[in-house]
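Chemist: See run.tsv below, with TSV, C-alpha atoms.
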```tsv
chain	number	residue	atom	x	y	z
L	1	MET	CA	-110.16	-6.27	-17.76
L	2	MET	CA	-106.96	-4.19	-17.95
L	3	LYS	CA	-103.75	-5.99	-17.08
L	4	GLN	CA	-102.23	-4.65	-13.85
L	5	PRO	CA	-98.64	-3.43	-14.34
L	6	LYS	CA	-96.08	-5.48	-12.47
L	7	HIS	CA	-94.31	-3.19	-10.03
L	8	LEU	CA	-90.65	-3.50	-9.18
L	9	ASP	CA	-89.72	-5.07	-5.89
L	10	GLU	CA	-86.95	-3.91	-3.58
L	11	GLU	CA	-84.45	-6.35	-5.06
L	12	ASP	CA	-85.01	-4.95	-8.55
L	13	LEU	CA	-84.58	-1.44	-7.21
L	14	VAL	CA	-81.34	-2.34	-5.42
L	15	LEU	CA	-79.90	-3.82	-8.61
L	16	ILE	CA	-80.91	-0.73	-10.57
L	17	TYR	CA	-79.45	1.57	-7.91
L	18	TYR	CA	-76.10	-0.22	-8.12
L	19	ARG	CA	-76.29	-0.38	-11.93
L	20	GLU	CA	-75.67	-4.10	-11.80
L	21	PRO	CA	-75.48	-5.82	-15.16
L	22	GLY	CA	-78.35	-8.10	-16.06
L	23	VAL	CA	-81.20	-5.80	-15.04
L	24	ALA	CA	-83.99	-6.20	-17.59
L	25	ALA	CA	-84.48	-3.21	-19.88
L	26	GLU	CA	-88.23	-3.39	-19.19
L	27	ALA	CA	-87.56	-2.90	-15.47
L	28	VAL	CA	-85.58	0.26	-16.15
L	29	SER	CA	-88.19	1.64	-18.53
L	30	HIS	CA	-90.97	0.75	-16.08
L	31	LEU	CA	-89.16	2.74	-13.41
L	32	SER	CA	-89.13	5.84	-15.58
L	33	GLU	CA	-92.87	5.53	-16.24
L	34	CYS	CA	-94.34	4.32	-12.94
L	35	ALA	CA	-94.77	6.97	-10.24
L	36	ARG	CA	-95.16	4.40	-7.48
L	37	CYS	CA	-91.94	2.55	-8.32
L	38	LYS	CA	-90.14	5.86	-8.83
L	39	ALA	CA	-91.16	6.95	-5.33
L	40	ASP	CA	-89.96	3.63	-3.89
L	41	PHE	CA	-86.69	4.01	-5.75
L	42	ASP	CA	-86.19	7.57	-4.53
L	43	ALA	CA	-86.75	6.48	-0.94
L	44	LEU	CA	-84.25	3.65	-1.33
L	45	ALA	CA	-81.72	5.93	-3.01
L	46	GLU	CA	-82.10	8.55	-0.30
L	47	THR	CA	-81.24	6.03	2.41
L	48	LEU	CA	-78.37	4.45	0.51
L	49	ASN	CA	-76.96	7.86	-0.46
L	50	ALA	CA	-77.09	8.90	3.16
L	51	CYS	CA	-74.95	5.86	4.02
L	52	LEU	CA	-72.25	7.31	1.79
L	53	ASP	CA	-71.91	10.25	4.19
L	54	TRP	CA	-70.39	7.91	6.72
L	55	THR	CA	-66.65	8.42	6.51
L	56	PRO	CA	-64.21	6.44	8.60
L	57	PRO	CA	-61.81	8.40	10.80
L	58	GLU	CA	-58.41	9.16	9.32
L	59	PRO	CA	-55.57	7.28	10.99
L	60	GLU	CA	-52.64	9.23	12.43
L	61	LEU	CA	-50.26	11.16	10.17
L	62	ASP	CA	-47.44	8.62	10.14
L	63	PHE	CA	-49.81	5.68	9.80
L	64	GLU	CA	-48.06	4.31	6.69
L	65	ARG	CA	-44.72	4.23	8.44
L	66	SER	CA	-46.08	2.61	11.56
L	67	VAL	CA	-47.81	-0.07	9.47
L	68	TRP	CA	-44.52	-0.87	7.78
L	69	ALA	CA	-42.57	-0.76	11.06
L	70	GLN	CA	-44.79	-3.49	12.49
L	71	LEU	CA	-44.89	-5.43	9.28
L	72	ALA	CA	-41.20	-5.30	8.33
L	73	PRO	CA	-39.90	-7.98	10.75
L	74	GLN	CA	-42.39	-10.45	9.28
L	75	ILE	CA	-41.60	-9.67	5.64
L	76	VAL	CA	-38.78	-11.99	4.77
L	77	GLU	CA	-37.40	-11.90	1.27
L	78	ARG	CA	-37.72	-15.23	-0.42
L	79	PRO	CA	-34.58	-16.41	-2.19
L	80	LYS	CA	-36.55	-16.71	-5.41
L	81	ALA	CA	-35.12	-17.02	-8.86
L	82	ARG	CA	-34.02	-13.40	-8.73
L	83	ARG	CA	-30.33	-14.24	-8.65
L	84	TRP	CA	-30.94	-16.43	-11.66
L	85	TRP	CA	-31.77	-13.42	-13.77
L	86	ILE	CA	-28.27	-12.97	-15.06
L	87	LEU	CA	-27.32	-16.60	-15.69
L	88	ALA	CA	-30.65	-18.26	-16.42
L	89	PRO	CA	-31.19	-17.01	-19.96
L	90	VAL	CA	-27.70	-18.20	-20.90
L	91	LEU	CA	-28.30	-21.62	-19.34
L	92	THR	CA	-31.67	-21.97	-21.02
L	93	ALA	CA	-30.25	-20.99	-24.37
L	94	ALA	CA	-27.47	-23.55	-23.93
L	95	VAL	CA	-29.93	-26.29	-23.04
L	96	VAL	CA	-32.17	-25.45	-25.96
L	97	LEU	CA	-29.26	-25.43	-28.37
L	98	LEU	CA	-28.11	-28.75	-27.00
L	99	VAL	CA	-31.53	-30.30	-27.33
L	100	THR	CA	-32.28	-28.93	-30.78
L	101	GLY	CA	-28.78	-29.90	-31.84
L	102	ALA	CA	-29.46	-33.39	-30.65
L	103	PHE	CA	-32.71	-33.61	-32.59
L	104	VAL	CA	-31.07	-32.39	-35.76
L	105	ALA	CA	-28.05	-34.59	-35.25
L	106	GLY	CA	-30.28	-37.53	-34.41
L	107	ARG	CA	-32.12	-37.16	-37.69
L	108	ARG	CA	-28.87	-36.74	-39.62
L	109	SER	CA	-27.22	-39.72	-37.96
L	110	ARG	CA	-30.23	-41.91	-38.78
L	111	SER	CA	-29.88	-41.03	-42.45
L	112	THR	CA	-26.08	-41.15	-42.76
L	113	ASN	CA	-25.06	-43.32	-39.86
L	114	THR	CA	-22.29	-40.79	-39.21
L	115	PRO	CA	-22.07	-39.68	-35.57
L	116	THR	CA	-21.77	-35.93	-35.14
L	117	GLU	CA	-20.62	-33.77	-32.26
L	118	PRO	CA	-24.07	-32.92	-30.78
L	119	VAL	CA	-24.83	-36.61	-30.43
L	120	VAL	CA	-21.71	-36.93	-28.30
L	121	LEU	CA	-22.87	-33.93	-26.22
L	122	THR	CA	-26.23	-35.51	-25.54
L	123	ALA	CA	-25.05	-39.08	-25.53
L	124	GLY	CA	-27.17	-41.25	-23.27
L	125	LEU	CA	-30.19	-38.94	-23.40
L	126	SER	CA	-33.37	-40.59	-24.54
L	127	ALA	CA	-35.93	-38.71	-26.64
L	128	ALA	CA	-38.15	-38.55	-23.55
L	129	ALA	CA	-35.34	-37.05	-21.49
L	130	ARG	CA	-34.63	-34.44	-24.18
L	131	GLU	CA	-38.33	-33.64	-24.30
L	132	ARG	CA	-38.38	-33.21	-20.53
L	133	ILE	CA	-35.35	-30.90	-20.58
L	134	LEU	CA	-37.01	-28.82	-23.26
L	135	ALA	CA	-40.24	-28.63	-21.26
L	136	ILE	CA	-38.33	-27.49	-18.16
L	137	SER	CA	-36.39	-24.91	-20.17
L	138	MET	CA	-39.63	-23.54	-21.54
L	139	ALA	CA	-41.22	-23.51	-18.10
L	140	ASP	CA	-38.19	-21.62	-16.73
L	141	HIS	CA	-38.47	-19.10	-19.54
L	142	LEU	CA	-42.16	-18.63	-18.80
L	143	ASP	CA	-41.36	-18.26	-15.10
L	144	ARG	CA	-38.98	-15.42	-15.88
L	145	ALA	CA	-41.56	-13.88	-18.21
L	146	GLU	CA	-44.11	-14.16	-15.41
L	147	VAL	CA	-41.81	-12.41	-12.93
L	148	LEU	CA	-41.25	-9.62	-15.45
L	149	LEU	CA	-44.97	-9.29	-16.26
L	150	THR	CA	-45.98	-9.28	-12.60
L	151	GLY	CA	-43.43	-6.58	-11.88
L	152	LEU	CA	-44.65	-4.53	-14.82
L	153	ALA	CA	-48.33	-5.05	-13.95
L	154	ASN	CA	-47.64	-3.58	-10.52
L	155	ALA	CA	-45.13	-0.98	-11.62
L	156	ASP	CA	-45.27	2.47	-10.15
L	157	GLU	CA	-45.92	4.60	-13.22
L	158	THR	CA	-43.66	7.33	-11.92
L	159	ASP	CA	-40.71	5.02	-11.18
L	160	SER	CA	-38.70	5.10	-14.40
L	161	ALA	CA	-35.65	3.53	-12.67
L	162	GLU	CA	-37.56	0.32	-11.93
L	163	PHE	CA	-38.90	0.31	-15.47
L	164	GLU	CA	-35.33	0.59	-16.74
L	165	ALA	CA	-34.44	-2.59	-14.81
L	166	ASP	CA	-37.46	-4.32	-16.35
L	167	ARG	CA	-36.34	-3.14	-19.78
L	168	LEU	CA	-32.98	-4.90	-19.35
L	169	ARG	CA	-34.74	-8.11	-18.28
L	170	ALA	CA	-37.01	-7.81	-21.29
L	171	ARG	CA	-33.98	-7.64	-23.60
L	172	ASP	CA	-32.68	-10.90	-22.13
L	173	LEU	CA	-36.02	-12.53	-22.70
L	174	VAL	CA	-36.30	-11.50	-26.36
L	175	SER	CA	-33.49	-13.65	-27.73
L	176	GLU	CA	-34.18	-16.54	-25.38
L	177	GLY	CA	-37.87	-16.48	-26.33
L	178	ARG	CA	-37.13	-16.51	-30.07
L	179	LEU	CA	-34.93	-19.55	-29.68
L	180	LEU	CA	-37.56	-21.38	-27.69
L	181	ARG	CA	-40.25	-20.39	-30.13
L	182	GLU	CA	-38.36	-22.10	-32.94
L	183	VAL	CA	-38.28	-25.35	-30.99
L	184	ALA	CA	-41.83	-24.97	-29.70
L	185	ALA	CA	-43.10	-24.62	-33.27
L	186	GLY	CA	-42.13	-28.26	-33.78
L	187	GLN	CA	-43.07	-29.88	-30.49
L	188	HIS	CA	-45.20	-27.54	-28.35
L	189	LYS	CA	-47.43	-25.86	-30.93
L	190	ALA	CA	-49.99	-24.76	-28.33
L	191	THR	CA	-47.41	-22.60	-26.57
L	192	VAL	CA	-46.49	-20.70	-29.74
L	193	PRO	CA	-49.28	-18.06	-29.57
L	194	VAL	CA	-48.38	-17.24	-25.97
L	195	LEU	CA	-44.66	-17.12	-26.76
L	196	ASP	CA	-45.51	-14.79	-29.66
L	197	GLU	CA	-47.57	-12.60	-27.36
L	198	ILE	CA	-44.77	-12.48	-24.79
L	199	GLU	CA	-42.29	-11.64	-27.52
L	200	ARG	CA	-44.40	-8.72	-28.76
L	201	LEU	CA	-44.71	-7.36	-25.24
L	202	VAL	CA	-41.07	-7.81	-24.22
L	203	LEU	CA	-39.99	-6.25	-27.51
L	204	GLU	CA	-42.19	-3.27	-26.74
L	205	VAL	CA	-40.63	-2.97	-23.28
L	206	ALA	CA	-37.09	-3.62	-24.52
L	207	ASN	CA	-37.46	-0.92	-27.16
L	208	ALA	CA	-39.12	1.59	-24.86
L	209	PRO	CA	-37.48	5.02	-24.71
L	210	ASP	CA	-34.55	5.46	-22.31
L	211	HIS	CA	-36.59	7.44	-19.83
L	212	ALA	CA	-40.06	5.97	-20.16
L	213	GLY	CA	-42.75	8.17	-18.66
L	214	PRO	CA	-46.00	7.29	-16.89
L	215	ALA	CA	-47.88	7.13	-20.22
L	216	GLU	CA	-45.59	4.42	-21.65
L	217	ILE	CA	-45.60	2.43	-18.40
L	218	ARG	CA	-49.39	2.69	-18.16
L	219	GLU	CA	-49.73	1.45	-21.73
L	220	VAL	CA	-47.66	-1.65	-20.93
L	221	LYS	CA	-49.72	-2.30	-17.78
L	222	GLN	CA	-52.95	-2.02	-19.75
L	223	TRP	CA	-51.62	-4.42	-22.36
L	224	ILE	CA	-50.81	-7.02	-19.70
L	225	GLY	CA	-54.21	-6.59	-18.06
L	226	ALA	CA	-56.25	-6.60	-21.26
L	227	ASP	CA	-54.85	-9.83	-22.66
L	228	SER	CA	-54.86	-11.88	-19.44
L	229	LEU	CA	-51.34	-12.73	-20.52
L	230	LEU	CA	-50.13	-13.54	-17.00
L	231	PHE	CA	-52.92	-16.02	-16.56
L	232	LYS	CA	-52.10	-17.82	-19.80
L	233	VAL	CA	-48.40	-17.88	-18.95
L	234	ARG	CA	-49.15	-19.45	-15.56
L	235	ILE	CA	-51.38	-22.15	-17.00
L	236	ILE	CA	-48.83	-23.19	-19.62
L	237	GLU	CA	-45.96	-23.05	-17.16
L	238	THR	CA	-47.86	-25.25	-14.70
L	239	ASN	CA	-48.72	-27.71	-17.45
L	240	LEU	CA	-45.13	-27.90	-18.60
L	241	ARG	CA	-43.82	-28.51	-15.10
L	242	SER	CA	-46.40	-31.15	-14.37
L	243	GLY	CA	-45.65	-32.96	-17.63
L	244	ARG	CA	-48.99	-32.11	-19.20
L	245	GLY	CA	-47.17	-29.76	-21.56
L	246	GLN	CA	-46.32	-32.72	-23.76
L	247	LYS	CA	-49.99	-33.10	-24.57
L	248	LEU	CA	-50.45	-29.47	-25.49
S	1	MET	CA	-40.81	-8.87	-9.32
S	2	ILE	CA	-42.12	-7.30	-6.16
S	3	ASP	CA	-39.26	-7.42	-3.71
S	4	ARG	CA	-39.26	-6.25	-0.11
S	5	GLU	CA	-38.59	-2.61	-0.98
S	6	ALA	CA	-41.20	-2.55	-3.71
S	7	PHE	CA	-43.64	-4.14	-1.31
S	8	ARG	CA	-42.89	-1.43	1.21
S	9	GLY	CA	-43.89	1.12	-1.40
S	10	LEU	CA	-47.17	-0.70	-1.97
S	11	VAL	CA	-47.82	-0.82	1.78
S	12	GLU	CA	-47.26	2.90	2.05
S	13	GLN	CA	-49.39	3.59	-0.98
S	14	HIS	CA	-52.40	1.49	0.00
S	15	SER	CA	-52.45	1.30	3.81
S	16	ARG	CA	-54.87	4.19	4.32
S	17	ALA	CA	-57.37	2.86	1.81
S	18	VAL	CA	-57.13	-0.61	3.37
S	19	PHE	CA	-57.65	0.96	6.80
S	20	ARG	CA	-60.80	2.74	5.61
S	21	LEU	CA	-62.23	-0.49	4.24
S	22	ALA	CA	-61.32	-2.41	7.41
S	23	TYR	CA	-62.89	0.31	9.53
S	24	ARG	CA	-66.10	0.17	7.52
S	25	MET	CA	-66.15	-3.55	8.11
S	26	THR	CA	-65.52	-3.41	11.83
S	27	SER	CA	-66.40	0.11	13.08
S	28	SER	CA	-63.39	-0.23	15.34
S	29	HIS	CA	-60.11	1.65	15.05
S	30	PRO	CA	-57.91	-0.95	16.78
S	31	ASP	CA	-59.58	-3.82	14.92
S	32	ALA	CA	-59.11	-2.00	11.61
S	33	GLU	CA	-55.41	-1.51	12.39
S	34	ASP	CA	-55.02	-5.22	13.12
S	35	ILE	CA	-56.77	-6.06	9.86
S	36	VAL	CA	-54.43	-3.76	7.92
S	37	GLN	CA	-51.48	-5.73	9.30
S	38	GLU	CA	-53.11	-9.06	8.55
S	39	THR	CA	-54.06	-7.95	5.03
S	40	PHE	CA	-50.54	-6.96	4.04
S	41	LEU	CA	-49.04	-10.04	5.62
S	42	ARG	CA	-51.42	-12.28	3.67
S	43	ALA	CA	-50.75	-10.25	0.53
S	44	TRP	CA	-47.00	-10.78	0.90
S	45	LYS	CA	-47.47	-14.51	1.37
S	46	GLN	CA	-49.85	-14.74	-1.58
S	47	LEU	CA	-47.95	-12.50	-4.00
S	48	LYS	CA	-47.34	-15.47	-6.25
S	49	THR	CA	-51.08	-15.84	-6.75
S	50	TYR	CA	-51.55	-12.24	-7.86
S	51	ASP	CA	-52.22	-12.57	-11.57
S	52	GLY	CA	-52.12	-8.89	-12.42
S	53	ARG	CA	-55.57	-8.97	-14.01
S	54	ALA	CA	-57.11	-6.71	-11.38
S	55	ALA	CA	-55.46	-3.57	-10.10
S	56	PHE	CA	-53.21	-4.27	-7.12
S	57	GLY	CA	-55.50	-2.18	-4.90
S	58	THR	CA	-58.55	-4.25	-5.87
S	59	TRP	CA	-56.64	-7.43	-5.11
S	60	LEU	CA	-55.71	-6.03	-1.69
S	61	TYR	CA	-59.33	-5.07	-0.97
S	62	ARG	CA	-60.37	-8.66	-1.58
S	63	ILE	CA	-57.79	-9.89	0.90
S	64	CYS	CA	-58.84	-7.21	3.35
S	65	ALA	CA	-62.51	-8.22	2.93
S	66	ASN	CA	-61.67	-11.82	3.73
S	67	CYS	CA	-59.56	-10.83	6.75
S	68	SER	CA	-62.45	-8.66	7.94
S	69	LEU	CA	-64.94	-11.44	7.36
S	70	ASP	CA	-62.83	-13.81	9.50
S	71	HIS	CA	-62.50	-11.09	12.09
S	72	LEU	CA	-66.24	-10.35	12.19
S	73	ARG	CA	-67.07	-14.02	12.48
S	74	SER	CA	-64.70	-14.51	15.40
S	75	ARG	CA	-66.05	-11.33	16.99
S	76	LYS	CA	-69.63	-12.61	16.67
S	77	ARG	CA	-68.56	-15.84	18.32
S	78	ALA	CA	-66.89	-13.90	21.12
S	79	GLU	CA	-70.00	-11.76	21.51
S	80	MET	CA	-72.16	-14.82	21.89
S	81	ASP	CA	-69.90	-15.87	24.73
S	82	ASP	CA	-69.85	-12.42	26.22
S	83	SER	CA	-73.14	-10.89	27.28
S	84	GLU	CA	-71.48	-7.49	27.71
S	85	ASP	CA	-71.74	-6.36	24.14
S	86	PRO	CA	-71.07	-2.61	23.92
S	87	PHE	CA	-72.69	-2.36	20.50
S	88	ARG	CA	-75.89	-4.11	21.50
S	89	ASP	CA	-76.86	-1.26	23.82
S	90	ILE	CA	-76.19	1.32	21.16
S	91	ALA	CA	-78.14	-0.66	18.58
S	92	HIS	CA	-81.22	-0.76	20.75
S	93	GLU	CA	-80.97	2.81	21.90
S	94	SER	CA	-83.74	5.01	20.47
S	95	PRO	CA	-82.22	8.22	19.17
S	96	SER	CA	-83.77	11.37	20.61
S	97	PRO	CA	-85.49	13.84	18.22
S	98	GLU	CA	-82.63	16.33	18.70
S	99	ARG	CA	-80.14	13.79	17.50
S	100	LEU	CA	-82.18	13.02	14.42
S	101	ALA	CA	-80.98	15.85	12.22
S	102	MET	CA	-79.18	14.60	9.15
S	103	SER	CA	-75.77	13.06	8.64
S	104	VAL	CA	-74.59	13.09	12.23
S	105	GLU	CA	-77.69	11.16	13.12
S	106	ILE	CA	-77.30	8.87	10.16
S	107	ASN	CA	-73.82	8.02	11.39
S	108	ALA	CA	-75.06	7.43	14.89
S	109	VAL	CA	-77.67	5.01	13.63
S	110	LEU	CA	-75.70	3.52	10.79
S	111	MET	CA	-72.82	2.16	12.83
S	112	PRO	CA	-74.96	0.07	15.18
S	113	ALA	CA	-77.11	-0.96	12.21
S	114	LEU	CA	-74.02	-2.22	10.41
S	115	ASN	CA	-72.97	-4.02	13.56
S	116	GLY	CA	-76.34	-5.74	13.50
S	117	LEU	CA	-75.67	-7.33	10.10
S	118	THR	CA	-74.20	-10.79	9.78
S	119	ALA	CA	-70.52	-10.95	8.83
S	120	MET	CA	-71.37	-11.96	5.26
S	121	GLU	CA	-74.09	-9.31	4.87
S	122	ARG	CA	-71.79	-6.58	6.10
S	123	THR	CA	-68.84	-7.64	3.98
S	124	ALA	CA	-70.93	-7.95	0.81
S	125	PHE	CA	-72.67	-4.62	1.47
S	126	VAL	CA	-69.44	-2.71	2.19
S	127	LEU	CA	-67.76	-4.13	-0.90
S	128	ARG	CA	-70.76	-3.21	-3.07
S	129	HIS	CA	-71.67	0.12	-1.51
S	130	TYR	CA	-68.34	1.66	-0.53
S	131	GLN	CA	-65.83	-0.13	-2.74
S	132	GLY	CA	-68.08	-0.26	-5.80
S	133	LEU	CA	-67.32	-3.89	-6.60
S	134	PRO	CA	-69.89	-5.59	-8.87
S	135	ILE	CA	-71.74	-8.53	-7.31
S	136	ALA	CA	-69.93	-11.02	-9.55
S	137	ASP	CA	-66.56	-9.79	-8.21
S	138	ILE	CA	-67.81	-9.92	-4.64
S	139	SER	CA	-68.91	-13.52	-5.02
S	140	ARG	CA	-65.50	-14.44	-6.43
S	141	ALA	CA	-63.66	-12.53	-3.72
S	142	LEU	CA	-65.60	-14.21	-0.94
S	143	GLY	CA	-65.77	-17.61	-2.58
S	144	VAL	CA	-69.57	-17.81	-2.59
S	145	GLU	CA	-72.22	-18.24	-5.27
S	146	ASN	CA	-73.38	-15.13	-7.10
S	147	ASN	CA	-76.87	-15.51	-5.64
S	148	ALA	CA	-75.51	-15.80	-2.10
S	149	ALA	CA	-73.62	-12.52	-2.49
S	150	LYS	CA	-76.66	-10.88	-4.07
S	151	HIS	CA	-79.02	-11.98	-1.30
S	152	SER	CA	-76.54	-10.91	1.39
S	153	ILE	CA	-76.66	-7.42	-0.13
S	154	PHE	CA	-80.46	-7.47	-0.35
S	155	ARG	CA	-80.77	-8.48	3.31
S	156	ALA	CA	-78.23	-5.87	4.36
S	157	VAL	CA	-80.10	-3.13	2.48
S	158	GLN	CA	-83.38	-4.27	3.98
S	159	LYS	CA	-82.00	-4.15	7.54
S	160	LEU	CA	-80.28	-0.82	7.03
S	161	ARG	CA	-83.41	0.74	5.58
S	162	LYS	CA	-85.38	-0.44	8.55
S	163	ALA	CA	-82.84	1.06	10.93
S	164	LEU	CA	-82.46	4.32	9.02
S	165	GLU	CA	-86.11	4.88	8.13
S	166	PRO	CA	-86.84	7.02	11.22
S	167	VAL	CA	-83.95	9.32	10.31
S	168	ARG	CA	-85.06	9.59	6.69
S	169	THR	CA	-88.65	10.41	7.50
S	170	GLY	CA	-87.71	12.61	10.45
S	171	GLN	CA	-89.76	10.59	12.91
```
Before we go any further, please render this structure as structure tokens.

Modeler:
Amino acid sequence: MMKQPKHLDEEDLVLIYYREPGVAAEAVSHLSECARCKADFDALAETLNACLDWTPPEPELDFERSVWAQLAPQIVERPKARRWWILAPVLTAAVVLLVTGAFVAGRRSRSTNTPTEPVVLTAGLSAAARERILAISMADHLDRAEVLLTGLANADETDSAEFEADRLRARDLVSEGRLLREVAAGQHKATVPVLDEIERLVLEVANAPDHAGPAEIREVKQWIGADSLLFKVRIIETNLRSGRGQKL
Amino acid sequence: MIDREAFRGLVEQHSRAVFRLAYRMTSSHPDAEDIVQETFLRAWKQLKTYDGRAAFGTWLYRICANCSLDHLRSRKRAEMDDSEDPFRDIAHESPSPERLAMSVEINAVLMPALNGLTAMERTAFVLRHYQGLPIADISRALGVENNAAKHSIFRAVQKLRKALEPVRTGQ
């Protein structure tokens, strides 16, 4: 007896119509060969295509402005770390220098028993405290990187003025990031690849042409999106702040 | 960083698209306008959670879908309390042969048919059919299992086909 072909059911046809991934290749080839399934598919497609004709009414001409007018009183600027932008990199660099200085000096003093200046600067700080300060400094750096990346990911490709502001922030992050990377290589190895990735991106932004056009801005946005860089930055930052960074 | 002024730009850029999605979810102009407000307000409060992986518009659509879902659910509850449901009459009205002549008729039948879907069916269908989101993204956006999103779409398609069949076949 000849085996009856298995026809496609409505669910198969819906998935094929929407080109959903995971539809078996046999189902698609069956559809092209079976007149009955093809007729079912055409009927389904006709109905679903007709649904596309339904267009919502257009809101009034100044809709955008009226949306903002109602929204504006409820949109309160958060006093985020924005004001930190100017001072924070300097502070972080100072903290990192202090901590690395203390590690170096600590090692030297153990071998020579001769106290040096950095030891005086960090006198009273335990190794755990220094480690914590370093973790916080790294988390702060990542927070600033995150703010920059989020801004860039949402940048208006035609707004070169905003991109210019991001470029200046990127320059601040380059030197700070390199300093942190040196320290991280010793104590937070798992953060090094992400710090490297951030460095490559901020360098690209920092060295962008004076009047970057939509193509350059789009390229940066694609870079951020393709590498899930923001996601990685957030995870590491959260770990560092919660103390899990020490186990990285 | 998206500050207030930058956010204003995003509101102006996306508000019409968000309105269209909200309207497709609710079939109601005033409800859609309320949802636009709610969507942007939630977006502002949740900016920190935006990870930049999806386009900003896609992220907004997800928020809008969830606002609409909440709205539809509360509307269904209100309808159960209120026997005077304006859509129920339309949904049960049999279109006359004159009215059954292509897209105008489709629209006349489609809106009540959409109103007859459950909140989840409608949201999943609109996101798949009009916004073009893959089922995996819809399940993530609505916080449900992949299969739940898939079956909501199947049920929605089934109900819509049943409602639209007379228009399609010209009966």

Chemist: For chain S, report every residue with an atom at most 8 Å from chain L (counting only C-alpha atoms), formatted as a ChimeraX atom specification.

Modeler: /S:1-4,8,11-13,15-16,19-20,23-24,36-37,40-41,44,50-56,103,106-107,110,128-130,134-135,154,161,164-165,168

Chemist: What is the distance between atom CA of Leu203 of chain L and atom CA of Ile133 of chain L, in Å to one decimal?

Modeler: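 Answer for the atom CA of Leu203 of chain L to atom CA of Ile133 of chain L separation: 26.0 Å.
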
Chemist: Using atom CA of Gly213 of chain L and atom CA of Thr158 of chain L as the two end points, give the distance in Å to one decimal.

Modeler: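 Spanning atom CA of Gly213 of chain L to atom CA of Thr158 of chain L is a straight-line distance of 6.9 Å.
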
Chemist: List the neighbours of Thr39 of chain S out to 12 Å using all atoms listed in the file; skip same-chain residues closer than 3 positions along the sequence, and give me the result as an NGL selection string.

Modeler: (:L and (67 or 71)) or (:S and (11 or 14-15 or 17-19 or 21-22 or 32-36 or 42-47 or 57 or 59-71))

Chemist: Edge lengths and centre in Å to one decimal, as JSON, of the axis-aligned box that encloses all listed atoms of segment 174-192 of chain L with 8 Å added on every side?

Modeler:
```
{"center_x": -41.7, "center_y": -20.7, "center_z": -29.6, "size_x": 32.5, "size_y": 34.4, "size_z": 24.4}
```

Chemist: Can you measure atom CA of Arg155 of chain S to atom CA of Glu121 of chain S for me? One decimal in Å is fine.

Modeler: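 Separation between atom CA of Arg155 of chain S and atom CA of Glu121 of chain S: 6.9 Å.
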
Chemist: Find the spatial neighbours of Phe125 of chain S, counting all atoms listed in the file, within a cut-off of 10 Å - ignore same-chain residues fewer than 4 positions away - and output them as a list in words.

Modeler: Met25, Leu114, Leu117, Ala119, Met120, Glu121, His129, Tyr130, Gln131, Gly132, Leu133, Ile135, Ile138, Ala149, Lys150, Ser152, Ile153, Phe154, Arg155, Ala156 and Val157 of chain S

Chemist: Any chance you could export the current selection's C-alpha atoms as a short mmCIF file (atom, residue, chain, number, x, y, z; two decimals), in the frame of the given file?

Modeler:
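Ended up saving to result_11.cif:
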```cif
data_model
loop_
_atom_site.label_atom_id
_atom_site.label_comp_id
_atom_site.auth_asym_id
_atom_site.auth_seq_id
_atom_site.Cartn_x
_atom_site.Cartn_y
_atom_site.Cartn_z
CA MET S 25 -66.15 -3.55 8.11
CA LEU S 114 -74.02 -2.22 10.41
CA LEU S 117 -75.67 -7.33 10.10
CA ALA S 119 -70.52 -10.95 8.83
CA MET S 120 -71.37 -11.96 5.26
CA GLU S 121 -74.09 -9.31 4.87
CA HIS S 129 -71.67 0.12 -1.51
CA TYR S 130 -68.34 1.66 -0.53
CA GLN S 131 -65.83 -0.13 -2.74
CA GLY S 132 -68.08 -0.26 -5.80
CA LEU S 133 -67.32 -3.89 -6.60
CA ILE S 135 -71.74 -8.53 -7.31
CA ILE S 138 -67.81 -9.92 -4.64
CA ALA S 149 -73.62 -12.52 -2.49
CA LYS S 150 -76.66 -10.88 -4.07
CA SER S 152 -76.54 -10.91 1.39
CA ILE S 153 -76.66 -7.42 -0.13
CA PHE S 154 -80.46 -7.47 -0.35
CA ARG S 155 -80.77 -8.48 3.31
CA ALA S 156 -78.23 -5.87 4.36
CA VAL S 157 -80.10 -3.13 2.48
#
```

Chemist: List the neighbours of segment 31-41 of chain L out to 8 Å using all atoms listed in the file; skip same-chain residues closer than 4 positions along the sequence, and give me the result as a list in words.

Modeler: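 Listed by chain and then number, they are His7, Leu8, Leu13, Tyr17, Ala27 and Ala45 of chain L.
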
Chemist: Store the residues picked out above, limited to C-alpha atoms, as a PDB file, in the coordinates of the input.

Modeler:
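Final output, again-v4.pdb:
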```
ATOM      1  CA  HIS L   7     -94.310  -3.190 -10.030  1.00  0.00           C
ATOM      2  CA  LEU L   8     -90.650  -3.500  -9.180  1.00  0.00           C
ATOM      3  CA  LEU L  13     -84.580  -1.440  -7.210  1.00  0.00           C
ATOM      4  CA  TYR L  17     -79.450   1.570  -7.910  1.00  0.00           C
ATOM      5  CA  ALA L  27     -87.560  -2.900 -15.470  1.00  0.00           C
ATOM      6  CA  ALA L  45     -81.720   5.930  -3.010  1.00  0.00           C
TER       7      ALA L  45
END
```

Chemist: Got a sec: who's within 9 Å of Arg178 of chain L, counting only C-alpha atoms, leaving out chain neighbours fewer than 3 positions off, as a list in words?

Modeler: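 With the cut-off at 9 Å, the set is Leu173, Val174, Ser175, Arg181, Glu182, Val183, Leu195, Asp196 and Glu199 of chain L.
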
Chemist: What's the 12 Å shell around Ala208 of chain L, counting all atoms listed in the file, without same-chain residues fewer than 2 positions away, as a ChimeraX atom specification?

Modeler: /L:160,163-168,170-171,201-206,210-217,219-220
